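Beneath this line is the structure, given in structure tokens, with notes to follow.
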Amino acid sequence: MIRKTFLFRVLFFILLCGTAGAQEPFLFREGLSVGNCHQYGRQGFYSDQFAWRYFQPDFRRPRAGDILYSDSQGKAIRWKAIMADTSGLFRDRDASNGYIFLSYDSPREQNVVFNIRGNSMFYFNGEPHAGDIYSDGWLFIPVRLKKGVNEIYIRTGSLSTGVSARIIFPVTPVMLKIEDATLPDIVEGEANQSLMGAIVVVNSTSLPLRDHALRAEIAGKEVTTRIPDIPPLSIRKVMFRFDGSGVNRTGQVECLLSLLQKGKRITETALTISSVSAHQPYKCTFLSHIDGSLQYFAVNPRKGGSVPGRSLYLSVHGAGVEAIGQARAYQPKEEGDLVAPTNRRPRGFNWEDWGRMDAMEVLAITLDRLKPAPDRIYLTGHSMGGHGTWYLGATYPGKWASIAPCAGYPSLLGYASADGKIPVPGENINEQNLYRASNGSNVFELARNYGASGVYVYHGDDDRTVSVEYARQMRELLGKFHTDFCYYEYPGGSHWWSNESVDWPPLFNFLENHRLIAGSQRNRIDFTTANPAVSSTYAWVTLLQQQEPLQYSQVKFVRDLQKGILTGETRNITALKLDLQDIPTSQAMIIIDGDSLEVPVTDSSRIVTLIREGKWRLGNPPHPGQRGILRNGTFKEPFNHRMVFVYGTSGNREENAWALTKARFDAETWYYRGNGSVDLVADRDFIPEAWPGRGIILYGNAATNTIWPKLLGNCPIQVTRNSLKMGDQVLQGDHYGAYLMYPMPGNDTLSVAAITGTGLPGMKAAYANQYFTGGSGFPDFILFTTQMVREGVPGILKAGFYNNQWQLEEEAMLPKP
């Protein structure tokens with residue numbers, strides 16, 4: 001009976017897959033294209049003329065010559081025939097920032113894998129899927145073909161590398177893909193018993209993949225690792241452990257990976273892992289606190305071997321460069337180790353958002369592991385990493401003895417990288433709040449923070465990629481206040497002329513001639529932050545709470561230790577903390593914004609909190625559940641805490657399909673853009689208590705997602721079927737959508753986000769996931785109508801912030817109908 005049941009399950013499993021055996025892949029070679037019809041970027045809104053029409057119930061498949069829309073000059077934008085070149089790439093520049101339409105006539109329903117490269121995203125029979133924004137060619141998305149004509153609409157960017165697409169008919173229902181493996185090196189002389197790698201599992205079946213494991217065999221050692229559940233027709237990058245202690249030589253070593261279901265092998269693959277000398281650059285992997293995924297960093301060890309108490313150089317890479325490539329660009333340093341984090345991908349997040357968090361995670365890990373001298377921590381980087389150096393240096397003053405940006409643009413505000421610039425502030429409050437949510441990216445407003453360390457600015461004077469004018473701009477800015485910076489333009493230097501583009505001896509001499517000044521030795525403070533939950537402390541001052549969230553907050557203090565007098569002024573601060581442990585007197589005089597406070601200094605009262613309520617006074621810190629250093633909002637904040645995607649199943653068929661499709665689209669995008677991994681859970685299976693310490697992302701509304709009342713029942717913004725409520729105002733209709741967040745009930749750190757709509761039109765308008773774009777501005781909530789898809793900003797009803805008690809202010813209410 002057991003054998004019959006097992007055979008039945010195997011047959012059922014195969015039937016559900018609908019695979020077509022060893023059929024050759026189908027490469028698309030002809031289609032239609034239309035260009036210049038959408039605008040996406042580093043912003044919480046978008047406009048897309050194709051999507052506007054595609055979401056309409058009367059949309060029909062296009063033909064060559066059909067008009068998609070007429071532009072602002074009245075020119076008709078038409079679909080036209082497009083052909084792939086001999087390599088299978090669609091390269092027509094007229095299709096840039098537009099769409100390519102492909103179709104496939106299938107003789108039957110079946111599950112296949114869609115392999116695409118060089119695009120932003122695509123719709124497959126109406127369902128959105130992630131795009132291969134890096135043009136690597138290893139994005140494999142399982143989809144279901146329907147019998148008859150299947151329609152694919154591919155959103156394009158610049159088409160600089162071309163777009164290719166093919167259908168793969170999988171031989172096995174579950175595939176192990178190693179093209180995008182994240183692997184450590186086996187380092188000679190290190191403890192290699194418990195190493196971690198990650199590969200992509202493609203579930204092209206119509207059933208969830210549950211109770212599976214990966215078995216890794218290398219040099220006679222076996223380790224089995226249980227992998228998380230993978231929904232039907234989904235991909236996920238999963239971690240596996242392996243034992244490399246049996247490897248006794250350097251070079252490439254084969255590792256055999258087997259996918260197991262209840263101990264039975266389903267499929268297998270082999271990959272190679274590098275075994276390296278302890279004296280050459282090597283890769284280390286770690287489980288990220290951001291999402292629990294496996295990430296890596298690279299180390300170029302000190303010449304002669306790593307030893308505690310020496311220097312540590314954190315080097316952040318440029319766009320398209322991996323951490324190990326960054327580490328290999330340097331000669332070993334006699335003074336210490338060089339460490340290169342990943343930014344989650346070669347482009348990733350431009351060292352903003354989760355790229356910033358990745359860099360600081362790696363810094364914390366290597367401080368603990370390598371134990372450098374605390375006053376010899378240095379920061380440098382090239383190109384996008386030069387921006388990362390400007391950005392991290394301004395965001396975290398007091399962490400770096402000196403910084404050295406190479407060929408870097410200072411801010412995303414002025415440099416258009418792959419995702420575009422941060423838009424300038426608009427005229428209306430919604431545009432201003434969207435811009436305000438990106439304030440932390442504006443290093444010009446944070447520039448005074450550079451006074452905490454030495455700065456070496458390095459740039460080639462013939463750089464055609466990142467103009468030397470950016471370096472000159474920063475030289476002029478630093479020259480107004482900074483007393484310890486060096487500036488050098490390399491004569492004839494391009495963007496990259498040799499390894500000296502980063503490994504420049506005078507630069508490292510400058511770094512090494514600096515030591516981090518301890519906070520106890522700093523008697524002058526000038527510190528600015530846009531978000532105290534990101535950066536709140538400099539030396540002996542901590543900003544606890546802002547008056548206006550995400551506006552710039554600044555504190556200046558001068559202290560006379562011998563007299564015990566601290567004189568300061570502030571901007572946009574309602575609460576701050578001062579550490580008085582260096583004050584030798586028994587009483588301190590604090591003069592702040594003209595208010596004077598006498599404070600006794602005893603062993604039990606060396607940390608004081610100041611509260612501003614009209615005037616400054618001594619007080620207690622704000623309640624930890626309010627806005628502040630633990631949680632300060634923006635829609636993107638819940639994505640920082642090992643997020644879980646909870647999709648609604650309590651609506652009608654179309655609403656439920658939207659929720660799962662959107663959650664899967666976001667999971668695919670998070671994986672590909674940020675090398676991430678995320679859990680997808682149906683609301684009916686989700687028990688909040690079983691997921692402690694996790695940020696929750698809800699898909700659906702109060703009527704379609706049963707978790708909404710439990711986690712967002714107290715939110716002043718409510719979205720349900722055909723109704724959007726903000727405070728006491730109610731709007732009726734199915735065409736409203738929203739991105740919003742709110743604190744998790746009973747928790748002082750975590751938040752809940754919702755991607756929602758009042759009906760299918762509003763839900764589809766929320767398909768875009770620009771919140772995964774580095775530096776993009778998303779305030780606490782954005783409420784919009786379907787008109788946003790067509791017109792952009794005019795379709796936004798309200799974009800704004802809660803107050804410090806997480807309530808709506810009067811000016812945050814919806815405009816009168």
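We name chains A, B, ... following the order of the structure tokens; residues begin at 1 in each chain, and ligands are numbered from 1 as shown.
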#### Entry: Contacts of Leu478 in chain A within 12 Å, only C-alpha atoms, excl. fewer than 6 positions in-chain, as a list of chain:residue names
A:Trp390, A:Val443, A:Phe444, A:Leu446, A:Ala447, A:Arg448, A:Asn449, A:Tyr450, A:Gly451, A:Ser453, A:Gly454, A:Val455, A:Tyr456, A:Val457, A:Ala471, A:Arg472, A:Asp484, A:Phe485, A:Cys486, A:Tyr487
Just list the residues in range 604-778 of chain A DSSP gives helix (DSSP H, G or I) on the backbone, as a tab-separated table (two decimals) with all heavy atoms, in the first residue's frame.
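Below you can see result_8.tsv, which holds the result:
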```tsv
chain	number	residue	atom	x	y	z
A	637	GLU	N	10.78	50.70	5.39
A	637	GLU	CA	11.38	50.21	6.63
A	637	GLU	C	10.99	48.77	6.98
A	637	GLU	O	11.84	47.99	7.42
A	637	GLU	CB	11.04	51.15	7.79
A	637	GLU	CG	11.81	50.84	9.06
A	637	GLU	CD	11.51	51.84	10.17
A	637	GLU	OE1	10.34	51.93	10.58
A	637	GLU	OE2	12.44	52.52	10.62
A	638	PRO	N	9.74	48.34	6.81
A	638	PRO	CA	9.41	46.94	7.16
A	638	PRO	C	10.19	45.91	6.36
A	638	PRO	O	10.31	44.75	6.79
A	638	PRO	CB	7.91	46.86	6.85
A	638	PRO	CG	7.41	48.25	6.96
A	638	PRO	CD	8.53	49.10	6.45
A	639	PHE	N	10.75	46.30	5.21
A	639	PHE	CA	11.52	45.38	4.39
A	639	PHE	C	12.91	45.12	4.98
A	639	PHE	O	13.66	44.30	4.45
A	639	PHE	CB	11.67	45.92	2.97
A	639	PHE	CG	10.39	45.98	2.19
A	639	PHE	CD1	9.50	47.02	2.36
A	639	PHE	CD2	10.06	44.99	1.26
A	639	PHE	CE1	8.31	47.09	1.63
A	639	PHE	CE2	8.88	45.05	0.53
A	639	PHE	CZ	8.01	46.09	0.71
A	640	ASN	N	13.27	45.82	6.06
A	640	ASN	CA	14.61	45.69	6.64
A	640	ASN	C	14.73	44.55	7.63
A	640	ASN	O	15.84	44.23	8.06
A	640	ASN	CB	15.00	46.99	7.37
A	640	ASN	CG	15.06	48.19	6.46
A	640	ASN	OD1	15.11	48.05	5.25
A	640	ASN	ND2	15.05	49.37	7.05
A	653	ARG	N	-11.82	35.16	-6.74
A	653	ARG	CA	-10.76	34.47	-7.48
A	653	ARG	C	-9.74	35.45	-8.06
A	653	ARG	O	-8.52	35.23	-7.96
A	653	ARG	CB	-11.38	33.62	-8.59
A	653	ARG	CG	-10.39	32.83	-9.42
A	653	ARG	CD	-11.11	31.98	-10.46
A	653	ARG	NE	-10.17	31.24	-11.28
A	653	ARG	CZ	-10.52	30.43	-12.27
A	653	ARG	NH1	-11.81	30.26	-12.55
A	653	ARG	NH2	-9.61	29.79	-12.97
A	654	GLU	N	-10.22	36.53	-8.66
A	654	GLU	CA	-9.32	37.49	-9.28
A	654	GLU	C	-8.48	38.23	-8.24
A	654	GLU	O	-7.28	38.47	-8.44
A	654	GLU	CB	-10.12	38.50	-10.11
A	654	GLU	CG	-10.77	37.92	-11.36
A	654	GLU	CD	-12.05	37.14	-11.04
A	654	GLU	OE1	-12.54	37.25	-9.90
A	654	GLU	OE2	-12.55	36.43	-11.93
A	655	GLU	N	-9.08	38.60	-7.11
A	655	GLU	CA	-8.34	39.29	-6.07
A	655	GLU	C	-7.26	38.39	-5.47
A	655	GLU	O	-6.12	38.83	-5.22
A	655	GLU	CB	-9.30	39.75	-4.98
A	655	GLU	CG	-10.25	40.86	-5.41
A	655	GLU	CD	-11.39	41.08	-4.43
A	655	GLU	OE1	-11.76	40.12	-3.72
A	655	GLU	OE2	-11.92	42.21	-4.37
A	656	ASN	N	-7.58	37.14	-5.24
A	656	ASN	CA	-6.61	36.20	-4.69
A	656	ASN	C	-5.46	35.96	-5.68
A	656	ASN	O	-4.29	35.86	-5.28
A	656	ASN	CB	-7.27	34.88	-4.33
A	656	ASN	CG	-8.26	35.02	-3.18
A	656	ASN	OD1	-8.25	36.02	-2.46
A	656	ASN	ND2	-9.13	34.04	-3.02
A	657	ALA	N	-5.81	35.83	-6.95
A	657	ALA	CA	-4.77	35.62	-7.96
A	657	ALA	C	-3.84	36.83	-8.02
A	657	ALA	O	-2.62	36.68	-8.14
A	657	ALA	CB	-5.42	35.38	-9.33
A	658	TRP	N	-4.41	38.04	-7.92
A	658	TRP	CA	-3.57	39.24	-7.90
A	658	TRP	C	-2.60	39.21	-6.73
A	658	TRP	O	-1.40	39.50	-6.89
A	658	TRP	CB	-4.42	40.50	-7.82
A	658	TRP	CG	-3.58	41.72	-7.60
A	658	TRP	CD1	-2.96	42.48	-8.55
A	658	TRP	CD2	-3.19	42.29	-6.33
A	658	TRP	NE1	-2.23	43.48	-7.95
A	658	TRP	CE2	-2.34	43.39	-6.60
A	658	TRP	CE3	-3.48	41.97	-5.00
A	658	TRP	CZ2	-1.79	44.17	-5.59
A	658	TRP	CZ3	-2.92	42.74	-3.98
A	658	TRP	CH2	-2.09	43.83	-4.28
A	659	ALA	N	-3.07	38.87	-5.54
A	659	ALA	CA	-2.23	38.91	-4.34
A	659	ALA	C	-1.06	37.94	-4.47
A	659	ALA	O	0.09	38.30	-4.18
A	659	ALA	CB	-3.07	38.58	-3.10
A	660	LEU	N	-1.31	36.72	-4.89
A	660	LEU	CA	-0.22	35.75	-5.05
A	660	LEU	C	0.73	36.19	-6.16
A	660	LEU	O	1.96	36.12	-6.01
A	660	LEU	CB	-0.79	34.37	-5.35
A	660	LEU	CG	0.25	33.27	-5.67
A	660	LEU	CD1	1.24	33.12	-4.53
A	660	LEU	CD2	-0.44	31.95	-5.97
A	661	THR	N	0.17	36.65	-7.27
A	661	THR	CA	1.00	37.07	-8.39
A	661	THR	C	1.90	38.23	-8.01
A	661	THR	O	3.10	38.25	-8.33
A	661	THR	CB	0.10	37.47	-9.58
A	661	THR	OG1	-0.63	36.32	-10.01
A	661	THR	CG2	0.92	38.00	-10.73
A	662	LYS	N	1.33	39.21	-7.32
A	662	LYS	CA	2.12	40.39	-6.93
A	662	LYS	C	3.20	40.01	-5.92
A	662	LYS	O	4.35	40.47	-6.01
A	662	LYS	CB	1.19	41.45	-6.36
A	662	LYS	CG	1.87	42.65	-5.70
A	662	LYS	CD	2.78	43.42	-6.64
A	662	LYS	CE	3.29	44.68	-5.95
A	662	LYS	NZ	4.47	45.25	-6.64
A	663	ALA	N	2.86	39.17	-4.94
A	663	ALA	CA	3.85	38.75	-3.95
A	663	ALA	C	4.98	37.98	-4.62
A	663	ALA	O	6.16	38.17	-4.30
A	663	ALA	CB	3.18	37.89	-2.87
A	664	ARG	N	4.64	37.11	-5.57
A	664	ARG	CA	5.67	36.35	-6.27
A	664	ARG	C	6.53	37.27	-7.14
A	664	ARG	O	7.75	37.10	-7.22
A	664	ARG	CB	5.00	35.27	-7.12
A	664	ARG	CG	5.96	34.32	-7.80
A	664	ARG	CD	5.25	33.08	-8.28
A	664	ARG	NE	4.07	33.41	-9.06
A	664	ARG	CZ	3.03	32.59	-9.23
A	664	ARG	NH1	3.02	31.40	-8.65
A	664	ARG	NH2	2.00	32.95	-9.96
A	665	PHE	N	5.91	38.25	-7.79
A	665	PHE	CA	6.65	39.23	-8.58
A	665	PHE	C	7.65	39.98	-7.71
A	665	PHE	O	8.82	40.16	-8.07
A	665	PHE	CB	5.64	40.18	-9.23
A	665	PHE	CG	6.24	41.35	-9.96
A	665	PHE	CD1	7.38	41.23	-10.72
A	665	PHE	CD2	5.62	42.60	-9.92
A	665	PHE	CE1	7.93	42.32	-11.42
A	665	PHE	CE2	6.14	43.68	-10.61
A	665	PHE	CZ	7.30	43.54	-11.35
A	666	ASP	N	7.22	40.41	-6.53
A	666	ASP	CA	8.12	41.12	-5.63
A	666	ASP	C	9.24	40.22	-5.14
A	666	ASP	O	10.40	40.65	-5.00
A	666	ASP	CB	7.34	41.68	-4.43
A	666	ASP	CG	6.61	42.97	-4.77
A	666	ASP	OD1	6.62	43.38	-5.95
A	666	ASP	OD2	6.03	43.58	-3.86
A	667	ALA	N	8.93	38.95	-4.86
A	667	ALA	CA	9.96	38.01	-4.41
A	667	ALA	C	10.99	37.76	-5.51
A	667	ALA	O	12.20	37.69	-5.24
A	667	ALA	CB	9.32	36.69	-3.97
A	668	GLU	N	10.53	37.63	-6.75
A	668	GLU	CA	11.45	37.46	-7.87
A	668	GLU	C	12.34	38.69	-8.02
A	668	GLU	O	13.56	38.57	-8.22
A	668	GLU	CB	10.67	37.26	-9.17
A	668	GLU	CG	9.92	35.95	-9.28
A	668	GLU	CD	8.98	35.91	-10.47
A	668	GLU	OE1	8.87	36.94	-11.20
A	668	GLU	OE2	8.35	34.85	-10.69
A	669	THR	N	11.75	39.88	-7.91
A	669	THR	CA	12.51	41.11	-8.08
A	669	THR	C	13.52	41.28	-6.96
A	669	THR	O	14.67	41.69	-7.20
A	669	THR	CB	11.55	42.31	-8.12
A	669	THR	OG1	10.59	42.12	-9.17
A	669	THR	CG2	12.29	43.61	-8.36
A	670	TRP	N	13.10	40.98	-5.73
A	670	TRP	CA	14.02	41.08	-4.59
A	670	TRP	C	15.19	40.11	-4.76
A	670	TRP	O	16.34	40.46	-4.48
A	670	TRP	CB	13.28	40.80	-3.29
A	670	TRP	CG	14.15	40.76	-2.09
A	670	TRP	CD1	14.53	39.67	-1.37
A	670	TRP	CD2	14.77	41.89	-1.44
A	670	TRP	NE1	15.34	40.04	-0.33
A	670	TRP	CE2	15.50	41.39	-0.35
A	670	TRP	CE3	14.77	43.26	-1.69
A	670	TRP	CZ2	16.23	42.22	0.50
A	670	TRP	CZ3	15.51	44.09	-0.84
A	670	TRP	CH2	16.21	43.56	0.24
A	671	TYR	N	14.89	38.90	-5.22
A	671	TYR	CA	15.97	37.94	-5.46
A	671	TYR	C	16.95	38.48	-6.50
A	671	TYR	O	18.16	38.51	-6.27
A	671	TYR	CB	15.41	36.59	-5.93
A	671	TYR	CG	16.33	35.87	-6.89
A	671	TYR	CD1	17.59	35.44	-6.46
A	671	TYR	CD2	15.99	35.71	-8.23
A	671	TYR	CE1	18.47	34.84	-7.35
A	671	TYR	CE2	16.87	35.11	-9.12
A	671	TYR	CZ	18.11	34.68	-8.68
A	671	TYR	OH	18.99	34.10	-9.56
A	672	TYR	N	16.41	38.93	-7.63
A	672	TYR	CA	17.31	39.26	-8.73
A	672	TYR	C	18.04	40.58	-8.50
A	672	TYR	O	19.24	40.68	-8.75
A	672	TYR	CB	16.57	39.29	-10.06
A	672	TYR	CG	17.53	39.25	-11.22
A	672	TYR	CD1	18.19	38.07	-11.54
A	672	TYR	CD2	17.81	40.39	-11.97
A	672	TYR	CE1	19.10	38.03	-12.58
A	672	TYR	CE2	18.72	40.36	-13.00
A	672	TYR	CZ	19.37	39.17	-13.31
A	672	TYR	OH	20.28	39.12	-14.32
A	673	ARG	N	17.33	41.59	-8.02
A	673	ARG	CA	17.98	42.88	-7.81
A	673	ARG	C	18.93	42.83	-6.62
A	673	ARG	O	20.01	43.43	-6.67
A	673	ARG	CB	16.95	43.99	-7.58
A	673	ARG	CG	17.57	45.35	-7.27
A	673	ARG	CD	16.54	46.45	-7.16
A	673	ARG	NE	16.15	46.96	-8.46
A	673	ARG	CZ	16.82	47.92	-9.12
A	673	ARG	NH1	17.93	48.42	-8.63
A	673	ARG	NH2	16.40	48.34	-10.29
A	674	GLY	N	18.57	42.13	-5.55
A	674	GLY	CA	19.34	42.19	-4.33
A	674	GLY	C	19.86	40.86	-3.82
A	674	GLY	O	20.19	40.75	-2.64
A	683	ASP	N	-2.36	34.02	3.82
A	683	ASP	CA	-2.92	34.55	5.07
A	683	ASP	C	-3.54	33.46	5.93
A	683	ASP	O	-3.46	33.48	7.16
A	683	ASP	CB	-3.93	35.67	4.79
A	683	ASP	CG	-5.09	35.23	3.91
A	683	ASP	OD1	-5.04	34.12	3.34
A	683	ASP	OD2	-6.05	36.01	3.77
A	684	ARG	N	-4.15	32.47	5.29
A	684	ARG	CA	-4.81	31.39	6.05
A	684	ARG	C	-3.80	30.54	6.82
A	684	ARG	O	-4.16	29.86	7.78
A	684	ARG	CB	-5.62	30.51	5.11
A	684	ARG	CG	-4.82	29.82	4.02
A	684	ARG	CD	-5.64	28.86	3.18
A	684	ARG	NE	-4.84	28.28	2.12
A	684	ARG	CZ	-4.78	28.74	0.86
A	684	ARG	NH1	-5.50	29.80	0.54
A	684	ARG	NH2	-4.02	28.15	-0.04
A	685	ASP	N	-2.53	30.57	6.39
A	685	ASP	CA	-1.49	29.76	7.05
A	685	ASP	C	-0.61	30.59	7.96
A	685	ASP	O	0.30	30.05	8.59
A	685	ASP	CB	-0.61	29.08	5.99
A	685	ASP	CG	-1.39	28.16	5.08
A	685	ASP	OD1	-2.33	27.50	5.57
A	685	ASP	OD2	-1.06	28.10	3.87
A	688	PRO	N	0.97	35.19	13.26
A	688	PRO	CA	2.00	36.19	13.57
A	688	PRO	C	2.99	35.76	14.64
A	688	PRO	O	4.19	36.02	14.54
A	688	PRO	CB	1.17	37.41	14.02
A	688	PRO	CG	-0.14	37.25	13.30
A	688	PRO	CD	-0.38	35.77	13.26
A	689	GLU	N	2.50	35.05	15.67
A	689	GLU	CA	3.37	34.63	16.77
A	689	GLU	C	4.44	33.64	16.31
A	689	GLU	O	5.47	33.47	16.98
A	689	GLU	CB	2.55	34.02	17.89
A	689	GLU	CG	1.60	34.99	18.59
A	689	GLU	CD	0.36	35.32	17.76
A	689	GLU	OE1	0.06	34.55	16.80
A	689	GLU	OE2	-0.31	36.33	18.04
A	690	ALA	N	4.19	32.97	15.20
A	690	ALA	CA	5.16	31.99	14.69
A	690	ALA	C	6.26	32.64	13.87
A	690	ALA	O	7.19	31.95	13.43
A	690	ALA	CB	4.44	30.94	13.84
A	708	TRP	N	-5.01	41.47	7.84
A	708	TRP	CA	-5.11	42.94	7.92
A	708	TRP	C	-5.73	43.40	9.24
A	708	TRP	O	-5.15	44.26	9.93
A	708	TRP	CB	-5.90	43.45	6.73
A	708	TRP	CG	-6.02	44.95	6.65
A	708	TRP	CD1	-6.70	45.78	7.52
A	708	TRP	CD2	-5.44	45.81	5.66
A	708	TRP	NE1	-6.59	47.08	7.12
A	708	TRP	CE2	-5.82	47.13	5.99
A	708	TRP	CE3	-4.67	45.60	4.53
A	708	TRP	CZ2	-5.43	48.24	5.22
A	708	TRP	CZ3	-4.28	46.69	3.76
A	708	TRP	CH2	-4.66	47.99	4.11
A	709	PRO	N	-6.90	42.91	9.66
A	709	PRO	CA	-7.48	43.42	10.91
A	709	PRO	C	-6.59	43.18	12.13
A	709	PRO	O	-6.59	43.99	13.07
A	709	PRO	CB	-8.80	42.63	11.03
A	709	PRO	CG	-9.12	42.21	9.63
A	709	PRO	CD	-7.80	41.94	8.99
A	710	LYS	N	-5.81	42.12	12.11
A	710	LYS	CA	-4.94	41.82	13.27
A	710	LYS	C	-3.75	42.76	13.34
A	710	LYS	O	-3.33	43.17	14.43
A	710	LYS	CB	-4.44	40.37	13.19
A	710	LYS	CG	-5.54	39.33	13.19
A	710	LYS	CD	-4.97	37.93	13.01
A	710	LYS	CE	-6.07	36.88	12.90
A	710	LYS	NZ	-5.52	35.52	12.67
A	711	LEU	N	-3.18	43.12	12.19
A	711	LEU	CA	-1.95	43.89	12.18
A	711	LEU	C	-2.15	45.36	11.80
A	711	LEU	O	-1.35	46.21	12.19
A	711	LEU	CB	-0.94	43.26	11.23
A	711	LEU	CG	-0.48	41.84	11.58
A	711	LEU	CD1	0.59	41.37	10.60
A	711	LEU	CD2	0.05	41.77	13.01
A	712	LEU	N	-3.19	45.65	11.05
A	712	LEU	CA	-3.42	47.03	10.61
A	712	LEU	C	-4.78	47.57	11.04
A	712	LEU	O	-5.22	48.59	10.54
A	712	LEU	CB	-3.30	47.12	9.09
A	712	LEU	CG	-1.89	46.94	8.51
A	712	LEU	CD1	-1.94	46.96	6.98
A	712	LEU	CD2	-0.93	47.99	9.03
A	760	LEU	N	-9.61	45.40	-8.27
A	760	LEU	CA	-8.59	44.99	-9.24
A	760	LEU	C	-7.95	46.15	-9.97
A	760	LEU	O	-6.72	46.16	-10.16
A	760	LEU	CB	-9.18	44.00	-10.23
A	760	LEU	CG	-9.23	42.53	-9.78
A	760	LEU	CD1	-9.85	41.67	-10.87
A	760	LEU	CD2	-7.85	42.03	-9.42
A	761	PRO	N	-8.69	47.17	-10.42
A	761	PRO	CA	-8.01	48.29	-11.08
A	761	PRO	C	-6.97	48.95	-10.18
A	761	PRO	O	-5.84	49.20	-10.61
A	761	PRO	CB	-9.16	49.24	-11.42
A	761	PRO	CG	-10.36	48.34	-11.56
A	761	PRO	CD	-10.17	47.28	-10.51
A	762	GLY	N	-7.33	49.24	-8.93
A	762	GLY	CA	-6.38	49.85	-8.01
A	762	GLY	C	-5.23	48.92	-7.68
A	762	GLY	O	-4.08	49.35	-7.53
A	763	MET	N	-5.51	47.63	-7.52
A	763	MET	CA	-4.46	46.66	-7.22
A	763	MET	C	-3.45	46.58	-8.36
A	763	MET	O	-2.23	46.55	-8.12
A	763	MET	CB	-5.09	45.29	-6.95
A	763	MET	CG	-5.87	45.20	-5.65
A	763	MET	SD	-6.76	43.62	-5.51
A	763	MET	CE	-7.38	43.72	-3.82
A	764	LYS	N	-3.93	46.54	-9.59
A	764	LYS	CA	-3.02	46.45	-10.73
A	764	LYS	C	-2.17	47.72	-10.85
A	764	LYS	O	-1.01	47.65	-11.27
A	764	LYS	CB	-3.80	46.20	-12.01
A	764	LYS	CG	-4.38	44.80	-12.12
A	764	LYS	CD	-5.11	44.59	-13.43
A	764	LYS	CE	-5.64	43.16	-13.55
A	764	LYS	NZ	-6.35	42.92	-14.84
A	765	ALA	N	-2.73	48.85	-10.47
A	765	ALA	CA	-1.94	50.08	-10.49
A	765	ALA	C	-0.77	50.01	-9.51
A	765	ALA	O	0.20	50.75	-9.64
A	765	ALA	CB	-2.83	51.28	-10.17
A	770	GLN	N	8.94	49.97	-7.54
A	770	GLN	CA	10.07	50.89	-7.51
A	770	GLN	C	10.66	51.04	-6.12
A	770	GLN	O	11.72	51.64	-5.97
A	770	GLN	CB	9.64	52.25	-8.05
A	770	GLN	CG	9.19	52.23	-9.50
A	770	GLN	CD	10.19	51.55	-10.41
A	770	GLN	OE1	9.98	50.42	-10.82
A	770	GLN	NE2	11.29	52.20	-10.68
A	771	TYR	N	9.98	50.51	-5.10
A	771	TYR	CA	10.54	50.59	-3.75
A	771	TYR	C	11.80	49.75	-3.62
A	771	TYR	O	12.55	49.91	-2.65
A	771	TYR	CB	9.49	50.16	-2.70
A	771	TYR	CG	8.52	49.09	-3.13
A	771	TYR	CD1	8.81	47.75	-3.00
A	771	TYR	CD2	7.28	49.43	-3.66
A	771	TYR	CE1	7.92	46.76	-3.38
A	771	TYR	CE2	6.36	48.46	-4.05
A	771	TYR	CZ	6.69	47.12	-3.91
A	771	TYR	OH	5.80	46.14	-4.29
A	772	PHE	N	12.08	48.85	-4.56
A	772	PHE	CA	13.32	48.10	-4.54
A	772	PHE	C	14.46	48.83	-5.25
A	772	PHE	O	15.56	48.29	-5.35
A	772	PHE	CB	13.13	46.72	-5.16
A	772	PHE	CG	12.27	45.79	-4.34
A	772	PHE	CD1	11.33	44.98	-4.95
A	772	PHE	CD2	12.38	45.73	-2.96
A	772	PHE	CE1	10.53	44.13	-4.21
A	772	PHE	CE2	11.58	44.89	-2.21
A	772	PHE	CZ	10.66	44.09	-2.83
```
### Summary
One residue among A:Gln587, A:Gln732, A:Asn705, A:Thr537 is nearest to Thr756 in chain A when using only C-alpha atoms, and that residue is A:Asn705
### Task
Tell me, as a PyMOL selection string, which residues lie within 10 Å of range 379-384 of chain A, counting only C-alpha atoms; anything in the same chain fewer than 4 positions away does not count.
chain A and resi 312-321+326+338-340+346-347+349-351+388-390+392-393+399-412+417+455-459+465-466+495-496+501-502+507-508+511
Could you give me, as a Markdown table, a per-residue list for range 197-288 of chain A showing, wherever an atom lies at most 9 Å from an atom of range 120-142 of chain A, the closest pair of atoms and their distance in Å to one decimal, using only C-alpha atoms and sorting by chain then residue number from low to high?
```
| residue | atom | partner | partner_atom | distance |
| --- | --- | --- | --- | --- |
| A:Val202 | CA | A:Pro142 | CA | 7.0 |
| A:Asn203 | CA | A:Pro142 | CA | 7.0 |
| A:Ser204 | CA | A:Pro142 | CA | 5.1 |
| A:Thr205 | CA | A:Pro142 | CA | 8.3 |
| A:Pro232 | CA | A:Pro142 | CA | 8.8 |
| A:Leu233 | CA | A:Pro142 | CA | 5.0 |
| A:Ser234 | CA | A:Pro142 | CA | 6.1 |
| A:Ile235 | CA | A:Ile141 | CA | 6.9 |
```
### For Val558 in chain A, the nearest of the candidates A:Phe481, A:Phe26, A:Trp540, A:Phe635, counting only C-alpha atoms
A:Trp540
### Message
Can you tell me which residues surround Ala533 in chain A at a distance of at most 12 Å, considering only C-alpha atoms, apart from same-chain residues fewer than 4 positions away, and format the answer as a list in words?
### Response
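Residues meeting the cut-off are Thr395, Gly440, Thr529, Thr537, Thr542, Leu543, Leu544, Gln545, Gln546, Pro549, Leu550, Pro624, Gln626, Arg627, Gly628, Ile629, Leu630, Arg631, Asn632, Gly633, Thr634, Glu637, Asn640 and Thr749 of chain A.
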